[in-house]
Amino acid sequence: MKIGFVFPGQGSQKIGMGKDIYEKYEEARNMYKYVENITNMDVSKITFEGTEEDLSKTANTQICILTMSLAILEVLKKHNINAEICSGLSLGEYTALIYSNVLGLEEGVKIVQKRGELMQNLVPTGNWSMAAIIGLENNQVEEICKKCNKGFVVPANYNCVGQVAVSGEKEAVTEVMEEAKKIGAKKVVELKTSGPFHTVKLEKAAEELRKELEKVHIQKTEKTVIKNIDGTPYKDTDNIKEILQKHIVSPVQFEKTIKTMIEMGVDTFVEIGPGKTLTGFVKRTNKEVKILNVNDVNSLEEAILLLKK
């Protein structure tokens, strides 16, 4: 068995996520307290008792999802369950970099907090939206975006075979959704996000994040981490700070990421964090691999039984 961990990104959040894990495991509670001390945010209160509106603010969402994933990792670590290869979707790549010790825990948490703030506060004025287009080829979605005349819209996430998320101005995204249905998309879904993420519209946020990244100490990776911008493993020679700057304005190549992990021998994927989005992406890409999803006490205990050596 070769285990690969995958970590979800923004859009997978929901009120109450991880609460039963927090209540049952001391390791999980300690991680929440640790993050709360570093960030001066009441992460547990926002996550367990807040409103959907509050949790969906980018500055809150990113830290809350990260904390849940890190808390689960602490419990898995206690049971000697580890992965040689990992990746994450957008925000989830930071979780992977923290897990692999490329980013130290404290610095990693702080940079994610800063990233969330910048992505929330430096979104240009406008009415922005994202949507998933399911059942079309990548080039078909790209063509619809190019032909759209209602405003700015581009592919932002190549999630898996037959699924691309587009990002841009709300009217333009709505037009792309309608056109996609006309040419045979099986489904179109507006996403729970609040900005034109992974597009050039966040150039200002990317530039400001780079200034923050310059203060961060990058360490040699202890695991193989697959990067979003091209679906290849990070190398020791990579300029990680530059890659993470580009990460904000570049499309996420998660379909390539999954395929790379499988080519590298991963036969058991474990999604760690809220929702089951990445589990679905892996299933649609390859039905032969084993996929586990860890987002509550029951799925966590099941994973421990199946993965413990």
# chains A, B, ... in the order shown; residues from 1 in each chain; ligands from 1
>>> select_by_dssp(residues="segment 108-258 of chain A", states="strand (DSSP E)", output="number ranges by chain")
A: 128-134, 153-160, 163-169, 187-190, 224-225, 252-253
>>> residues_around(residues="Glu52 of chain A", least_positions_apart="4", cutoff="8 Å", atoms="only C-alpha atoms", output="MDAnalysis selection string")
chainID A and resid 14:15 56
>>> write_last_selection(atoms="C-alpha atoms", output="PDB file, in the first residue's frame")
ATOM      1  CA  LYS A  14     -19.493  23.998   6.545  1.00  0.00           C
ATOM      2  CA  ILE A  15     -20.524  24.977  10.058  1.00  0.00           C
ATOM      3  CA  SER A  56     -17.369  31.796   4.197  1.00  0.00           C
TER       4      SER A  56
END
>>> residues_around(residues="segment 233-240 of chain A", least_positions_apart="6", cutoff="8 Å", atoms="only C-alpha atoms", output="PyMOL selection string")
chain A and resi 218+220-221+224-227
>>> write_last_selection(atoms="C-alpha atoms", output="mmCIF file, in the first residue's frame")
data_model
loop_
_atom_site.group_PDB
_atom_site.id
_atom_site.type_symbol
_atom_site.label_atom_id
_atom_site.label_comp_id
_atom_site.auth_asym_id
_atom_site.auth_seq_id
_atom_site.Cartn_x
_atom_site.Cartn_y
_atom_site.Cartn_z
ATOM 1 C CA ILE A 218 11.665 27.379 3.447
ATOM 2 C CA LYS A 220 13.954 20.889 2.564
ATOM 3 C CA THR A 221 10.899 18.716 1.993
ATOM 4 C CA THR A 224 6.987 14.435 -2.021
ATOM 5 C CA VAL A 225 4.568 17.315 -2.574
ATOM 6 C CA ILE A 226 2.841 17.715 -5.934
ATOM 7 C CA LYS A 227 2.287 21.332 -6.916
#
>>> atom_distance(atom1="atom CA of Ala185 of chain A", atom2="atom CA of Lys287 of chain A")
21.4 Å
>>> closest_residue(among="A:Gly50, A:Gly162, A:Gly9, A:Gly265", to="Gln140 of chain A", atoms="only C-alpha atoms")
A:Gly162
>>> residues_around(residues="segment 37-47 of chain A", least_positions_apart="2", cutoff="7 Å", atoms="only C-alpha atoms", output="list in words")
Ile15, Gly16, Met17, Tyr32, Lys33, Tyr34, Val35, Glu49, Gly50, Leu55, Cys64 and Lys110 of chain A
>>> residues_around(residues="Ala131 of chain A", least_positions_apart="2", cutoff="9 Å", atoms="only C-alpha atoms", output="list in words")
Ser129, Ile133, Val164, Ala165, Val166, Ser167, Val173, Thr174, Val176, Met177, Val188, Val189, Glu190, Leu191 and Lys192 of chain A
>>> write_last_selection(atoms="C-alpha atoms", output="tab-separated table (two decimals), in the first residue's frame")
chain	number	residue	atom	x	y	z
A	129	SER	CA	-18.29	34.18	-8.99
A	133	ILE	CA	-18.67	22.76	-15.37
A	164	VAL	CA	-13.36	22.44	-14.91
A	165	ALA	CA	-14.14	25.35	-12.61
A	166	VAL	CA	-14.36	28.80	-14.17
A	167	SER	CA	-13.81	32.08	-12.37
A	173	VAL	CA	-19.77	33.07	-15.28
A	174	THR	CA	-23.58	32.81	-15.62
A	176	VAL	CA	-20.60	30.29	-19.44
A	177	MET	CA	-22.87	28.08	-17.29
A	188	VAL	CA	-23.15	23.22	-13.77
A	189	VAL	CA	-22.76	24.33	-10.15
A	190	GLU	CA	-22.08	27.78	-8.73
A	191	LEU	CA	-19.40	27.48	-6.02
A	192	LYS	CA	-19.24	28.85	-2.47
>>> residues_around(residues="Lys211 of chain A", least_positions_apart="2", cutoff="12 Å", atoms="only C-alpha atoms", output="PyMOL selection string")
chain A and resi 111+114-115+118+204-209+213-216+241-242+244-245
>>> select_by_dssp(residues="segment 97-191 of chain A", states="alpha helix (DSSP H)", output="ChimeraX atom specification")
/A:97-99,105-121,138-147,170-182
>>> write_last_selection(atoms="C-alpha atoms", output="PDB file, in the first residue's frame")
ATOM      1  CA  LEU A  97       3.687  21.957   2.568  1.00  0.00           C
ATOM      2  CA  ILE A  98       3.205  22.171   6.346  1.00  0.00           C
ATOM      3  CA  TYR A  99       2.738  18.396   6.578  1.00  0.00           C
ATOM      4  CA  LEU A 105       3.927  24.868  11.553  1.00  0.00           C
ATOM      5  CA  GLU A 106       3.929  28.367  13.042  1.00  0.00           C
ATOM      6  CA  GLU A 107       5.135  30.081   9.862  1.00  0.00           C
ATOM      7  CA  GLY A 108       2.770  27.985   7.767  1.00  0.00           C
ATOM      8  CA  VAL A 109      -0.251  28.963   9.857  1.00  0.00           C
ATOM      9  CA  LYS A 110       0.750  32.636   9.785  1.00  0.00           C
ATOM     10  CA  ILE A 111       1.241  32.701   6.019  1.00  0.00           C
ATOM     11  CA  VAL A 112      -2.148  31.012   5.448  1.00  0.00           C
ATOM     12  CA  GLN A 113      -3.757  33.619   7.708  1.00  0.00           C
ATOM     13  CA  LYS A 114      -2.079  36.376   5.678  1.00  0.00           C
ATOM     14  CA  ARG A 115      -3.038  34.711   2.385  1.00  0.00           C
ATOM     15  CA  GLY A 116      -6.693  34.558   3.434  1.00  0.00           C
ATOM     16  CA  GLU A 117      -6.677  38.213   4.459  1.00  0.00           C
ATOM     17  CA  LEU A 118      -5.029  39.330   1.212  1.00  0.00           C
ATOM     18  CA  MET A 119      -7.329  37.234  -0.974  1.00  0.00           C
ATOM     19  CA  GLN A 120     -10.335  38.732   0.822  1.00  0.00           C
ATOM     20  CA  ASN A 121      -9.192  42.349   1.043  1.00  0.00           C
ATOM     21  CA  ASN A 138     -11.229  21.027 -21.067  1.00  0.00           C
ATOM     22  CA  ASN A 139     -10.912  22.622 -24.514  1.00  0.00           C
ATOM     23  CA  GLN A 140     -14.690  23.031 -24.790  1.00  0.00           C
ATOM     24  CA  VAL A 141     -14.793  25.011 -21.540  1.00  0.00           C
ATOM     25  CA  GLU A 142     -11.788  27.089 -22.635  1.00  0.00           C
ATOM     26  CA  GLU A 143     -13.562  27.902 -25.914  1.00  0.00           C
ATOM     27  CA  ILE A 144     -16.791  28.979 -24.176  1.00  0.00           C
ATOM     28  CA  CYS A 145     -14.793  31.307 -21.924  1.00  0.00           C
ATOM     29  CA  LYS A 146     -12.997  32.857 -24.920  1.00  0.00           C
ATOM     30  CA  LYS A 147     -16.299  33.505 -26.717  1.00  0.00           C
ATOM     31  CA  LYS A 170     -20.751  36.959 -12.190  1.00  0.00           C
ATOM     32  CA  GLU A 171     -22.578  37.810 -15.447  1.00  0.00           C
ATOM     33  CA  ALA A 172     -19.834  36.189 -17.501  1.00  0.00           C
ATOM     34  CA  VAL A 173     -19.770  33.072 -15.283  1.00  0.00           C
ATOM     35  CA  THR A 174     -23.580  32.806 -15.615  1.00  0.00           C
ATOM     36  CA  GLU A 175     -23.269  33.015 -19.413  1.00  0.00           C
ATOM     37  CA  VAL A 176     -20.603  30.288 -19.439  1.00  0.00           C
ATOM     38  CA  MET A 177     -22.870  28.077 -17.292  1.00  0.00           C
ATOM     39  CA  GLU A 178     -25.766  28.576 -19.735  1.00  0.00           C
ATOM     40  CA  GLU A 179     -23.611  27.962 -22.822  1.00  0.00           C
ATOM     41  CA  ALA A 180     -22.086  24.856 -21.227  1.00  0.00           C
ATOM     42  CA  LYS A 181     -25.561  23.397 -20.682  1.00  0.00           C
ATOM     43  CA  LYS A 182     -26.477  24.129 -24.310  1.00  0.00           C
TER      44      LYS A 182
END
